[in-house]
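Engineer: What follows is work_24.cif; its format and atoms are mmCIF, C-alpha atoms.
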```cif
data_target
loop_
_atom_site.label_atom_id
_atom_site.label_comp_id
_atom_site.auth_asym_id
_atom_site.auth_seq_id
_atom_site.Cartn_x
_atom_site.Cartn_y
_atom_site.Cartn_z
CA MET A 637 45.33 -18.99 131.95
CA SER A 638 45.22 -21.02 128.79
CA GLU A 639 48.20 -23.00 130.01
CA PHE A 640 45.78 -25.21 131.90
CA PHE A 641 44.44 -26.64 128.63
CA THR A 642 47.76 -28.44 128.11
CA GLY A 643 46.91 -31.23 130.54
CA THR A 644 45.97 -32.04 134.10
CA THR A 645 47.52 -33.60 137.14
CA ALA A 646 46.35 -34.52 140.62
CA VAL A 647 45.42 -31.48 142.73
CA ARG A 648 48.69 -30.11 144.06
CA GLU A 649 49.56 -29.81 147.72
CA GLY A 650 48.49 -26.40 148.98
CA HIS A 651 45.62 -26.19 146.46
CA ARG A 652 43.52 -29.01 147.86
CA PHE A 653 40.04 -28.45 149.21
CA ASP A 654 37.01 -30.41 150.46
CA GLU A 655 35.75 -32.12 147.29
CA ASP A 656 32.66 -33.43 149.09
CA ARG A 657 31.68 -29.85 149.93
CA LEU A 658 32.26 -28.86 146.30
CA ARG A 659 30.16 -31.81 145.12
CA GLU A 660 27.24 -30.62 147.23
CA TRP A 661 27.50 -27.06 145.92
CA PHE A 662 28.06 -28.20 142.34
CA ALA A 663 25.00 -30.44 142.31
CA ASP A 664 22.83 -27.61 143.66
CA GLN A 665 24.19 -24.79 141.47
CA VAL A 666 25.56 -26.26 138.24
CA ASP A 667 24.95 -29.92 137.40
CA ARG A 668 22.78 -32.40 139.29
CA SER A 669 24.71 -35.32 137.80
CA ALA A 670 27.63 -34.30 140.04
CA ARG A 671 25.92 -36.30 142.78
CA GLN A 672 26.66 -39.42 140.75
CA ARG A 673 30.22 -38.50 139.85
CA LEU A 674 32.55 -35.57 140.53
CA ALA A 675 36.21 -35.88 139.58
CA VAL A 676 38.59 -32.97 140.15
CA SER A 677 42.06 -32.56 138.66
CA GLN A 678 44.29 -29.51 138.33
CA PHE A 679 45.48 -27.98 135.09
CA LYS A 680 49.25 -28.01 134.92
CA GLY A 681 49.73 -24.39 133.91
CA GLY A 682 48.49 -21.04 135.07
CA GLN A 683 50.57 -18.49 136.96
CA SER A 684 47.80 -16.50 138.57
CA ASN A 685 44.64 -18.27 139.66
CA PRO A 686 44.66 -22.06 140.30
CA THR A 687 42.40 -23.71 137.74
CA PHE A 688 40.78 -27.13 137.80
CA LEU A 689 39.00 -29.56 135.51
CA VAL A 690 35.75 -30.75 137.07
CA GLU A 691 34.06 -33.76 135.49
CA SER A 692 30.49 -34.70 136.38
CA ALA A 693 28.67 -37.78 135.16
CA GLU A 694 27.62 -35.85 132.05
CA ARG A 695 29.97 -32.94 131.26
CA ARG A 696 33.34 -31.29 131.81
CA TYR A 697 33.77 -27.86 133.38
CA VAL A 698 36.54 -25.47 134.36
CA LEU A 699 36.72 -24.13 137.91
CA ARG A 700 38.91 -21.10 138.51
CA ARG A 701 39.63 -19.83 142.01
CA LYS A 702 41.69 -17.27 143.84
CA PRO A 703 45.02 -18.59 145.20
CA ALA A 704 45.59 -19.20 148.88
CA GLY A 705 47.57 -16.86 151.09
CA PRO A 706 47.92 -13.05 151.23
CA LEU A 707 47.07 -11.35 147.93
CA LEU A 708 48.01 -8.00 146.46
CA PRO A 709 45.20 -5.42 146.42
CA SER A 710 42.77 -5.88 143.51
CA ALA A 711 44.67 -8.93 142.21
CA HIS A 712 43.13 -12.31 141.28
CA ALA A 713 39.66 -10.85 140.73
CA VAL A 714 37.81 -13.97 139.61
CA GLU A 715 34.53 -12.20 140.26
CA ARG A 716 35.35 -9.70 137.52
CA GLU A 717 36.38 -12.46 135.13
CA TYR A 718 33.03 -14.11 135.64
CA ARG A 719 31.11 -10.89 135.18
CA VAL A 720 32.79 -9.80 131.94
CA MET A 721 32.61 -13.20 130.25
CA ARG A 722 28.97 -13.54 131.18
CA ALA A 723 28.27 -10.06 129.77
CA LEU A 724 30.04 -10.85 126.49
CA ALA A 725 27.91 -13.90 125.70
CA GLY A 726 26.20 -13.31 122.37
CA THR A 727 28.54 -10.50 121.27
CA GLY A 728 31.19 -10.72 118.55
CA VAL A 729 33.73 -11.75 121.20
CA PRO A 730 33.71 -15.54 121.75
CA VAL A 731 33.79 -16.60 125.41
CA PRO A 732 33.03 -19.83 127.29
CA ARG A 733 29.56 -20.28 128.74
CA MET A 734 29.55 -19.19 132.37
CA HIS A 735 27.59 -21.30 134.87
CA ALA A 736 27.99 -19.95 138.39
CA LEU A 737 30.03 -17.71 140.69
CA CYS A 738 30.61 -18.64 144.33
CA GLU A 739 31.84 -15.91 146.66
CA ASP A 740 31.42 -17.99 149.84
CA PRO A 741 34.88 -19.05 151.09
CA ALA A 742 33.26 -21.80 153.15
CA VAL A 743 32.88 -23.97 150.04
CA ILE A 744 36.51 -24.41 148.92
CA GLY A 745 38.34 -21.68 150.84
CA SER A 746 38.11 -18.79 148.36
CA ALA A 747 35.87 -17.29 145.69
CA PHE A 748 35.62 -19.23 142.41
CA TYR A 749 33.58 -19.55 139.24
CA VAL A 750 32.58 -22.39 136.94
CA MET A 751 32.47 -22.25 133.15
CA ASP A 752 32.31 -24.68 130.25
CA PHE A 753 35.42 -26.56 129.23
CA VAL A 754 35.96 -25.44 125.63
CA GLU A 755 37.13 -28.16 123.25
CA GLY A 756 39.71 -26.64 120.95
CA ARG A 757 43.41 -26.08 120.41
CA ILE A 758 45.84 -23.72 122.11
CA LEU A 759 48.61 -22.32 119.91
CA TRP A 760 51.63 -21.37 121.99
CA ASP A 761 54.33 -20.10 119.68
CA PRO A 762 53.53 -16.88 117.75
CA LYS A 763 55.67 -18.23 114.91
CA LEU A 764 53.01 -20.98 114.52
CA PRO A 765 55.59 -23.58 113.41
CA GLU A 766 53.01 -26.40 113.45
CA LEU A 767 50.86 -24.75 110.77
CA PRO A 768 51.27 -24.23 107.01
CA ALA A 769 51.89 -20.65 105.86
CA ALA A 770 48.34 -20.08 104.59
CA GLU A 771 46.85 -21.15 107.92
CA ARG A 772 49.30 -18.96 109.85
CA ALA A 773 47.99 -15.95 107.96
CA ALA A 774 44.38 -16.95 108.64
CA VAL A 775 45.02 -17.53 112.37
CA CYS A 776 46.63 -14.09 112.72
CA ASP A 777 43.83 -12.40 110.82
CA ASP A 778 41.16 -13.98 113.00
CA MET A 779 43.05 -13.02 116.12
CA ASN A 780 43.12 -9.46 114.77
CA ARG A 781 39.39 -9.64 114.01
CA VAL A 782 38.54 -10.66 117.57
CA ILE A 783 40.55 -7.97 119.35
CA ALA A 784 39.09 -5.35 116.99
CA ALA A 785 35.59 -6.68 117.80
CA LEU A 786 36.40 -6.49 121.52
CA HIS A 787 37.35 -2.83 121.21
CA GLU A 788 34.07 -2.09 119.42
CA VAL A 789 31.83 -3.64 122.11
CA ASP A 790 29.10 -1.27 123.29
CA VAL A 791 29.84 -1.40 127.01
CA GLN A 792 26.55 0.22 127.98
CA ALA A 793 24.52 -2.31 125.97
CA ALA A 794 26.58 -5.14 127.48
CA GLY A 795 25.88 -3.90 131.02
CA LEU A 796 29.53 -3.01 131.59
CA GLY A 797 29.26 0.76 131.78
CA ASP A 798 30.46 0.67 135.39
CA TYR A 799 33.13 -2.02 134.83
CA GLY A 800 35.89 0.56 135.23
CA ARG A 801 36.53 4.28 135.41
CA SER A 802 36.41 6.38 132.25
CA GLY A 803 39.50 8.33 131.25
CA HIS A 804 43.09 8.49 132.46
CA TYR A 805 43.53 4.74 131.91
CA VAL A 806 47.24 4.87 131.16
CA ALA A 807 47.92 7.15 134.13
CA ARG A 808 45.98 4.86 136.45
CA GLN A 809 47.74 1.79 135.04
CA ILE A 810 51.17 3.33 135.58
CA ASP A 811 50.23 4.12 139.17
CA ARG A 812 48.68 0.70 139.77
CA TRP A 813 51.58 -1.33 138.40
CA SER A 814 54.14 0.88 140.12
CA ARG A 815 52.41 0.12 143.42
CA GLN A 816 52.06 -3.60 142.60
CA TYR A 817 55.73 -3.70 141.69
CA ARG A 818 56.76 -2.03 144.94
CA ALA A 819 54.56 -4.44 146.92
CA SER A 820 56.42 -7.46 145.49
CA GLU A 821 59.87 -5.91 144.91
CA THR A 822 62.76 -8.23 145.77
CA GLU A 823 65.72 -6.26 144.41
CA ARG A 824 66.42 -2.92 142.77
CA ILE A 825 65.96 -2.94 139.00
CA GLU A 826 67.41 0.26 137.59
CA ALA A 827 65.38 0.12 134.36
CA MET A 828 62.14 -0.09 136.37
CA GLU A 829 63.17 2.94 138.41
CA GLN A 830 63.79 4.86 135.19
CA LEU A 831 60.48 3.75 133.64
CA MET A 832 58.49 4.68 136.74
CA ALA A 833 59.91 8.20 136.49
CA TRP A 834 59.71 8.54 132.68
CA LEU A 835 56.26 7.12 131.92
CA PRO A 836 54.14 9.59 133.97
CA ALA A 837 56.03 12.51 132.40
CA HIS A 838 55.35 11.35 128.83
CA GLN A 839 51.92 9.76 128.96
CA PRO A 840 49.49 10.72 126.16
CA ALA A 841 45.77 11.35 126.47
CA ASP A 842 43.69 8.18 126.15
CA SER A 843 42.63 7.41 122.58
CA ALA A 844 39.15 6.32 123.80
CA THR A 845 37.45 4.42 126.60
CA ARG A 846 36.48 0.87 125.63
CA LEU A 847 36.45 -2.61 127.11
CA VAL A 848 40.04 -3.88 127.23
CA HIS A 849 41.23 -7.41 127.92
CA GLY A 850 44.57 -6.58 129.52
CA ASP A 851 46.32 -9.82 128.49
CA PHE A 852 45.17 -10.52 124.93
CA ARG A 853 47.75 -12.88 123.44
CA LEU A 854 47.87 -16.01 121.31
CA ASP A 855 47.97 -18.54 124.15
CA ASN A 856 44.94 -16.96 125.85
CA LEU A 857 42.81 -17.92 122.85
CA VAL A 858 41.16 -21.24 122.01
CA PHE A 859 40.99 -22.04 118.30
CA ASP A 860 38.64 -24.39 116.53
CA ARG A 861 40.34 -27.75 115.99
CA ALA A 862 39.40 -27.83 112.31
CA ALA A 863 39.58 -24.16 111.30
CA PRO A 864 41.70 -21.03 111.96
CA ARG A 865 38.92 -19.48 114.03
CA VAL A 866 38.94 -18.21 117.62
CA ILE A 867 36.20 -19.93 119.63
CA ALA A 868 37.02 -18.59 123.10
CA VAL A 869 38.99 -15.75 124.68
CA LEU A 870 40.28 -16.65 128.15
CA ASP A 871 41.92 -15.00 131.16
CA TRP A 872 40.00 -11.77 131.73
CA GLU A 873 41.54 -11.05 135.13
CA LEU A 874 43.08 -7.76 133.98
CA SER A 875 40.09 -6.58 131.96
CA THR A 876 38.55 -3.17 132.60
CA LEU A 877 37.45 -0.04 130.76
CA GLY A 878 40.48 1.61 129.23
CA ASP A 879 42.46 2.73 126.23
CA PRO A 880 42.04 0.23 123.37
CA LEU A 881 45.30 1.28 121.68
CA ALA A 882 47.23 0.48 124.85
CA ASP A 883 45.50 -2.91 124.92
CA PHE A 884 46.32 -3.56 121.28
CA ALA A 885 49.95 -2.50 121.80
CA TYR A 886 50.23 -5.06 124.59
CA HIS A 887 48.92 -7.69 122.20
CA CYS A 888 51.61 -6.62 119.70
CA MET A 889 54.47 -7.28 122.14
CA ALA A 890 54.87 -10.64 120.36
CA TRP A 891 56.53 -8.71 117.51
CA GLN A 892 58.96 -7.00 119.89
CA LEU A 893 60.16 -9.75 122.25
CA PRO A 894 63.46 -11.42 121.33
CA PRO A 895 64.65 -14.84 122.60
CA PRO A 896 64.39 -16.25 125.25
CA PHE A 897 60.86 -14.82 125.31
CA ARG A 898 58.17 -16.40 123.17
CA GLY A 899 57.81 -13.88 120.37
CA LEU A 900 58.67 -12.80 116.85
CA GLY A 901 61.44 -10.39 117.76
CA ASP A 902 64.16 -12.45 116.05
CA LEU A 903 62.39 -12.44 112.65
CA GLY A 904 62.67 -9.61 110.13
CA ASP A 905 59.77 -8.36 108.02
CA ALA A 906 60.88 -10.34 104.97
CA GLN A 907 61.07 -13.56 106.97
CA LEU A 908 57.67 -12.94 108.50
CA ARG A 909 55.98 -12.43 105.14
CA THR A 910 57.72 -15.47 103.64
CA GLN A 911 56.36 -17.61 106.47
CA GLY A 912 52.80 -16.32 106.11
CA LEU A 913 53.02 -14.09 109.21
CA PRO A 914 52.10 -10.39 109.16
CA THR A 915 54.63 -7.73 110.09
CA GLU A 916 53.76 -5.53 113.04
CA ALA A 917 53.00 -2.68 110.62
CA ASP A 918 50.73 -4.92 108.52
CA TYR A 919 48.94 -6.17 111.61
CA LEU A 920 48.42 -2.66 112.99
CA GLN A 921 47.10 -1.47 109.64
CA ARG A 922 44.56 -4.33 109.48
CA TYR A 923 43.38 -3.45 113.01
CA ARG A 924 43.07 0.22 112.08
CA GLU A 925 41.08 -0.68 108.98
CA ARG A 926 38.69 -2.81 110.97
CA ARG A 927 38.12 0.01 113.46
CA CYS A 928 38.34 2.89 110.95
CA LEU A 929 41.20 4.56 112.82
CA PRO A 930 43.71 7.12 111.44
CA ALA A 931 47.45 6.48 111.19
CA LEU A 932 49.41 6.58 114.48
CA ASP A 933 52.33 8.79 115.41
CA PRO A 934 55.41 6.48 115.72
CA ALA A 935 56.37 8.18 119.01
CA LEU A 936 52.97 7.26 120.44
CA TRP A 937 53.46 3.64 119.42
CA HIS A 938 56.91 3.60 121.10
CA PHE A 939 55.32 4.98 124.28
CA TYR A 940 52.67 2.27 124.33
CA ALA A 941 55.37 -0.37 123.78
CA ALA A 942 57.45 0.97 126.69
CA PHE A 943 54.38 1.18 128.91
CA ASN A 944 53.35 -2.41 128.19
CA LEU A 945 56.85 -3.80 128.72
CA PHE A 946 56.91 -1.96 132.06
CA ARG A 947 53.56 -3.49 132.98
CA ALA A 948 54.75 -6.97 131.91
CA ALA A 949 57.82 -6.52 134.12
CA ALA A 950 55.63 -5.57 137.09
CA ILE A 951 53.45 -8.65 136.50
CA ALA A 952 56.55 -10.85 136.30
CA GLN A 953 57.80 -9.34 139.56
CA GLY A 954 54.46 -10.18 141.17
CA ILE A 955 54.83 -13.81 140.04
CA LEU A 956 58.31 -13.87 141.56
CA GLY A 957 57.00 -12.40 144.80
CA ARG A 958 54.31 -15.08 145.08
CA ALA A 959 56.83 -17.80 144.24
CA LEU A 960 59.15 -16.66 147.01
CA ALA A 961 56.17 -16.51 149.39
CA GLY A 962 55.33 -20.07 148.43
CA ASN A 963 51.81 -19.57 147.07
CA ALA A 964 52.28 -19.17 143.29
CA SER A 965 50.11 -21.59 141.31
CA ASN A 966 52.74 -22.55 138.73
CA ALA A 967 55.84 -24.61 139.41
CA HIS A 968 57.71 -22.42 136.89
CA ALA A 969 56.67 -19.14 138.50
CA LEU A 970 60.12 -18.50 139.98
CA GLU A 971 61.73 -18.74 136.54
CA ALA A 972 59.00 -16.57 134.98
CA GLY A 973 59.37 -13.94 137.66
CA ARG A 974 63.08 -13.58 136.98
CA GLN A 975 62.18 -12.16 133.58
CA ALA A 976 61.17 -8.89 135.26
CA ARG A 977 64.66 -7.41 134.87
CA GLN A 978 64.85 -8.29 131.14
CA LEU A 979 61.38 -6.91 130.39
CA ALA A 980 62.13 -3.69 132.24
CA GLN A 981 65.30 -3.16 130.21
CA LEU A 982 63.42 -3.76 126.96
CA GLY A 983 60.85 -1.20 128.09
CA TRP A 984 63.49 1.38 128.89
CA ASP A 985 65.09 0.81 125.47
CA ARG A 986 61.73 1.59 123.81
CA ALA A 987 61.28 4.68 125.99
CA GLN A 988 64.60 6.02 124.75
CA ALA A 989 63.45 5.47 121.17
CA VAL A 990 60.79 8.13 121.78
CA ARG A 991 63.55 10.66 122.37
#
```
Represent the supplied structure as structure tokens.

Structural biologist:
Amino acid sequence: MSEFFTGTTAVREGHRFDEDRLREWFADQVDRSARQRLAVSQFKGGQSNPTFLVESAERRYVLRRKPAGPLLPSAHAVEREYRVMRALAGTGVPVPRMHALCEDPAVIGSAFYVMDFVEGRILWDPKLPELPAAERAAVCDDMNRVIAALHEVDVQAAGLGDYGRSGHYVARQIDRWSRQYRASETERIEAMEQLMAWLPAHQPADSATRLVHGDFRLDNLVFDRAAPRVIAVLDWELSTLGDPLADFAYHCMAWQLPPPFRGLGDLGDAQLRTQGLPTEADYLQRYRERRCLPALDPALWHFYAAFNLFRAAAIAQGILGRALAGNASNAHALEAGRQARQLAQLGWDRAQAVR
């Protein structure tokens, strides 16, 4: 989702809607100054839900909607994104201010929500080449702080006790992404077939039930322009109640992905430390310290890695399926979707490491 902060363009063909109807709704529900001025442009990135910059006479906002066309079951749940970010306001997890949710398709053709546009910087490359070594270390540590804080949120106090089912998170995720993969399958990927058979037979018991983000990574965070501090966590579409260690392992895929993926997989531990970046082991230890967790069995960590690479492959396959159907929101979705085969093979390699 954070890709949209990289710039805007005119609203693309296929994503256009009645801006006069939006102006009327916006002035009634969000900002009266929209009657004087309402300018809409589309953020260039985003592979899931089309996202727009809305400028009134006084402020800037972000509007995020479901894509057009047939959708996979439970996908593109902007209503859930709105709910969780609104619930997290005032907690230790920084989120944009939420303004309104519209579930009436008569306004712009699908459900959408409006939130503040957060002024900050998006850091794309986990190697953080644009920063000095000391700031790289501080950025990573604050990222670690925020995901640890997320996994310590009291879901009952936040009003999210019914945000997902308790227990069997990994089992449900394997089933869900297997079904999502089958629904958008375009060719046989042998590694995915092997993972879909292996994962259910080796799944561990959940470590706990907490609020999980589902896609917590560097480029889904907004950092303060003047300090190595996270000021907003974005893209909560995959959030639910689940296993926090599985969520953290997904976040740690940056350490495992080799080129051409954006990751740290081509750097050894010595190189990482020289450049001010933590090793995966260092990063995991800092997270455990923050949450007062015991040491992890290496086999368990390999399982979580295989599981998350499988899930990433299923997501990539879904992007490919939407691209071929003509309703993906990103011009690069076809290329991104082709990564499904590579991610599946990486996942199967990690699964074999458990043996």

Engineer: Pull out every residue that the PyMOL selection byres ((chain A and resi 647) around 10) matches in the shown coordinates and put them as a CSV table (one decimal) with C-alpha atoms, keeping the file's coordinate frame.

Structural biologist:
```csv
chain,number,residue,atom,x,y,z
A,644,THR,CA,46.0,-32.0,134.1
A,645,THR,CA,47.5,-33.6,137.1
A,646,ALA,CA,46.4,-34.5,140.6
A,648,ARG,CA,48.7,-30.1,144.1
A,649,GLU,CA,49.6,-29.8,147.7
A,650,GLY,CA,48.5,-26.4,149.0
A,651,HIS,CA,45.6,-26.2,146.5
A,652,ARG,CA,43.5,-29.0,147.9
A,653,PHE,CA,40.0,-28.4,149.2
A,676,VAL,CA,38.6,-33.0,140.2
A,677,SER,CA,42.1,-32.6,138.7
A,678,GLN,CA,44.3,-29.5,138.3
A,679,PHE,CA,45.5,-28.0,135.1
A,680,LYS,CA,49.2,-28.0,134.9
A,686,PRO,CA,44.7,-22.1,140.3
A,687,THR,CA,42.4,-23.7,137.7
A,688,PHE,CA,40.8,-27.1,137.8
A,689,LEU,CA,39.0,-29.6,135.5
```

Engineer: Got a sec: who's within 9 Å of Trp760 (chain A), counting all atoms listed in the file, leaving out chain neighbours fewer than 6 positions off, as an NGL selection string?

Structural biologist: :A and (639 or 854-856 or 898)

Engineer: Could you give me, as JSON lines, a per-residue list for region 749-840 of chain A showing, wherever an atom lies at most 10 Å from an atom of region 932-953 of chain A, the closest pair of atoms and their distance in Å to one decimal, using only C-alpha atoms and sorting by chain then residue number from low to high?

Structural biologist:
```
{"residue": "A:Val806", "atom": "CA", "partner": "A:Phe943", "partner_atom": "CA", "distance": 8.3}
{"residue": "A:Gln809", "atom": "CA", "partner": "A:Arg947", "partner_atom": "CA", "distance": 8.1}
{"residue": "A:Ile810", "atom": "CA", "partner": "A:Arg947", "partner_atom": "CA", "distance": 7.7}
{"residue": "A:Arg812", "atom": "CA", "partner": "A:Arg947", "partner_atom": "CA", "distance": 9.4}
{"residue": "A:Trp813", "atom": "CA", "partner": "A:Ala950", "partner_atom": "CA", "distance": 6.0}
{"residue": "A:Ser814", "atom": "CA", "partner": "A:Ala950", "partner_atom": "CA", "distance": 7.3}
{"residue": "A:Arg815", "atom": "CA", "partner": "A:Ala950", "partner_atom": "CA", "distance": 9.1}
{"residue": "A:Gln816", "atom": "CA", "partner": "A:Ala950", "partner_atom": "CA", "distance": 6.9}
{"residue": "A:Tyr817", "atom": "CA", "partner": "A:Ala950", "partner_atom": "CA", "distance": 5.0}
{"residue": "A:Arg818", "atom": "CA", "partner": "A:Ala950", "partner_atom": "CA", "distance": 8.7}
{"residue": "A:Ala819", "atom": "CA", "partner": "A:Gln953", "partner_atom": "CA", "distance": 9.4}
{"residue": "A:Ser820", "atom": "CA", "partner": "A:Gln953", "partner_atom": "CA", "distance": 6.4}
{"residue": "A:Glu821", "atom": "CA", "partner": "A:Gln953", "partner_atom": "CA", "distance": 6.7}
{"residue": "A:Thr822", "atom": "CA", "partner": "A:Gln953", "partner_atom": "CA", "distance": 8.0}
{"residue": "A:Glu823", "atom": "CA", "partner": "A:Gln953", "partner_atom": "CA", "distance": 9.8}
{"residue": "A:Ala827", "atom": "CA", "partner": "A:Phe946", "partner_atom": "CA", "distance": 9.0}
{"residue": "A:Met828", "atom": "CA", "partner": "A:Phe946", "partner_atom": "CA", "distance": 7.0}
{"residue": "A:Leu831", "atom": "CA", "partner": "A:Phe946", "partner_atom": "CA", "distance": 6.9}
{"residue": "A:Met832", "atom": "CA", "partner": "A:Phe946", "partner_atom": "CA", "distance": 8.3}
{"residue": "A:Trp834", "atom": "CA", "partner": "A:Phe943", "partner_atom": "CA", "distance": 9.8}
{"residue": "A:Leu835", "atom": "CA", "partner": "A:Phe943", "partner_atom": "CA", "distance": 6.9}
{"residue": "A:Pro836", "atom": "CA", "partner": "A:Phe943", "partner_atom": "CA", "distance": 9.8}
{"residue": "A:His838", "atom": "CA", "partner": "A:Phe939", "partner_atom": "CA", "distance": 7.8}
{"residue": "A:Gln839", "atom": "CA", "partner": "A:Phe939", "partner_atom": "CA", "distance": 7.5}
{"residue": "A:Pro840", "atom": "CA", "partner": "A:Leu936", "partner_atom": "CA", "distance": 7.5}
```

Engineer: So which one's closest to Arg781 (chain A), A:Arg671, A:Arg657, A:Arg695, A:Arg865? Using all atoms listed in the file, please.

Structural biologist: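 Result for the nearest residue to Arg781 (chain A): A:Arg865.
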
Engineer: Using Å and a single decimal, report how far CA of Leu870 (chain A) sits from CA of Ala713 (chain A).

Structural biologist: 13.9 Å

Engineer: Rank A:Ala784, A:Ala844, A:Leu796, A:Ala917 by their smallest atom-to-atom distance to Phe884 (chain A), using all atoms listed in the file, and report the top residue only.

Structural biologist: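 Among the listed residues, A:Ala784 lies closest to Phe884 (chain A).
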
Engineer: For Val791 (chain A), which residue among A:Val720, A:Glu739, A:Leu759, A:Asp778 is the nearest when counting all atoms listed in the file?

Structural biologist: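 Of all the options, A:Val720 lies closest to Val791 (chain A).
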
Engineer: Report the distance between CA of Val789 (chain A) and CA of Ala723 (chain A) in Å, rounded to one decimal place.

Structural biologist: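 Pair CA of Val789 (chain A) / CA of Ala723 (chain A) returns 10.6 Å.
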
Engineer: Can you work out which one of A:Arg861, A:Arg701, A:Arg977, A:Arg716 has the shortest atom-to-atom distance to Glu826 (chain A), counting all atoms listed in the file?

Structural biologist: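 The closest residue to Glu826 (chain A) is A:Arg977.
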
Engineer: Might you spell out which residues the PyMOL selection byres ((chain A and resi 887-892) around 9) would select in the displayed file, as a list in words?

Structural biologist: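 Output of the PyMOL selection byres ((chain A and resi 887-892) around 9): Pro762, Ile783, Gly850, Asp851, Phe852, Arg853, Leu854, Ala882, Asp883, Phe884, Ala885, Tyr886, Leu893, Pro894, Phe897, Arg898, Gly899, Leu900, Gly901, Asp902, Leu903, Thr915, Glu916, Tyr919, Leu920, Ala941, Asn944, Leu945 and Leu982 of chain A.
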
Engineer: If you measure from CA of Gly803 (chain A) to CA of Val990 (chain A), what distance in Å do you get, rounded to one decimal?

Structural biologist: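 Answer for the CA of Gly803 (chain A) to CA of Val990 (chain A) separation: 23.3 Å.
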
Engineer: Could you check the closest approach to Gly797 (chain A) for each of A:Gln978, A:Gln921, A:Thr876, A:Gln907 and tell me which residue wins, using all atoms listed in the file?

Structural biologist: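 With all atoms listed in the file as the atom set, the closest residue is A:Thr876.
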
Engineer: Between A:Pro765, A:Pro864, A:Pro880, A:Pro914, single out the one closest to His787 (chain A), counting all atoms listed in the file.

Structural biologist: A:Pro880

Engineer: What residues have an atom no more than 9 Å from (26.6, -10.5, 128.3) in the file's own frame, counting all atoms listed in the file, and can you write them as a short mmCIF file (atom, residue, chain, number, x, y, z; two decimals) with C-alpha atoms, in the frame of the given file?

Structural biologist:
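The resulting file, point-v8.cif, is reproduced below:
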```
data_model
loop_
_atom_site.label_atom_id
_atom_site.label_comp_id
_atom_site.auth_asym_id
_atom_site.auth_seq_id
_atom_site.Cartn_x
_atom_site.Cartn_y
_atom_site.Cartn_z
CA ARG A 719 31.11 -10.89 135.18
CA VAL A 720 32.79 -9.80 131.94
CA MET A 721 32.61 -13.20 130.25
CA ARG A 722 28.97 -13.54 131.18
CA ALA A 723 28.27 -10.06 129.77
CA LEU A 724 30.04 -10.85 126.49
CA ALA A 725 27.91 -13.90 125.70
CA GLY A 726 26.20 -13.31 122.37
CA THR A 727 28.54 -10.50 121.27
CA ALA A 793 24.52 -2.31 125.97
CA ALA A 794 26.58 -5.14 127.48
CA GLY A 795 25.88 -3.90 131.02
CA LEU A 796 29.53 -3.01 131.59
#
```

Engineer: Name all residues at most 7 Å from Arg696 (chain A) (count all atoms listed in the file; drop same-chain ones fewer than 4 positions away) and give them as a list of chain:residue names.

Structural biologist: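 So, after excluding close chain neighbours, the residues are A:Leu689, A:Val690, A:Glu691, A:Ser692, A:Asp752, A:Phe753.
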
Engineer: Could you list the residues chosen by the PyMOL selection byres ((chain A and resi 866) around 9) in this structure as a list in words?

Structural biologist: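 Applied to this file, the PyMOL selection byres ((chain A and resi 866) around 9) selects Pro730, Val775, Asp778, Met779, Val782, Leu857, Val858, Phe859, Asp860, Ala863, Pro864, Arg865, Ile867, Ala868 and Val869 of chain A.
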
Engineer: Rebuild region 836-843 of chain A to N, CA, C and O atoms - output it as a compact mmCIF listing (two decimals), in the coordinates of the input, please.

Structural biologist:
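For reference, result.txt as written:
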```txt
# COMPACT_ATOMS: atom_id res chain seq x y z
N PRO A 836 55.13 8.56 133.62
CA PRO A 836 54.14 9.59 133.97
C PRO A 836 54.42 10.94 133.30
O PRO A 836 53.49 11.71 133.03
N ALA A 837 55.67 11.22 133.00
CA ALA A 837 56.03 12.51 132.40
C ALA A 837 55.77 12.56 130.90
O ALA A 837 55.81 13.63 130.31
N HIS A 838 55.51 11.40 130.28
CA HIS A 838 55.35 11.35 128.83
C HIS A 838 54.04 10.72 128.39
O HIS A 838 53.84 10.48 127.21
N GLN A 839 53.14 10.47 129.32
CA GLN A 839 51.92 9.76 128.96
C GLN A 839 51.01 10.62 128.07
O GLN A 839 50.84 11.81 128.30
N PRO A 840 50.41 10.00 127.04
CA PRO A 840 49.49 10.72 126.16
C PRO A 840 48.07 10.70 126.73
O PRO A 840 47.78 9.96 127.68
N ALA A 841 47.19 11.47 126.14
CA ALA A 841 45.77 11.35 126.47
C ALA A 841 45.25 10.03 125.93
O ALA A 841 45.73 9.51 124.92
N ASP A 842 44.27 9.44 126.62
CA ASP A 842 43.69 8.18 126.15
C ASP A 842 43.07 8.37 124.77
O ASP A 842 42.48 9.41 124.46
N SER A 843 43.21 7.34 123.92
CA SER A 843 42.63 7.41 122.58
C SER A 843 41.11 7.27 122.62
O SER A 843 40.41 7.79 121.75
```
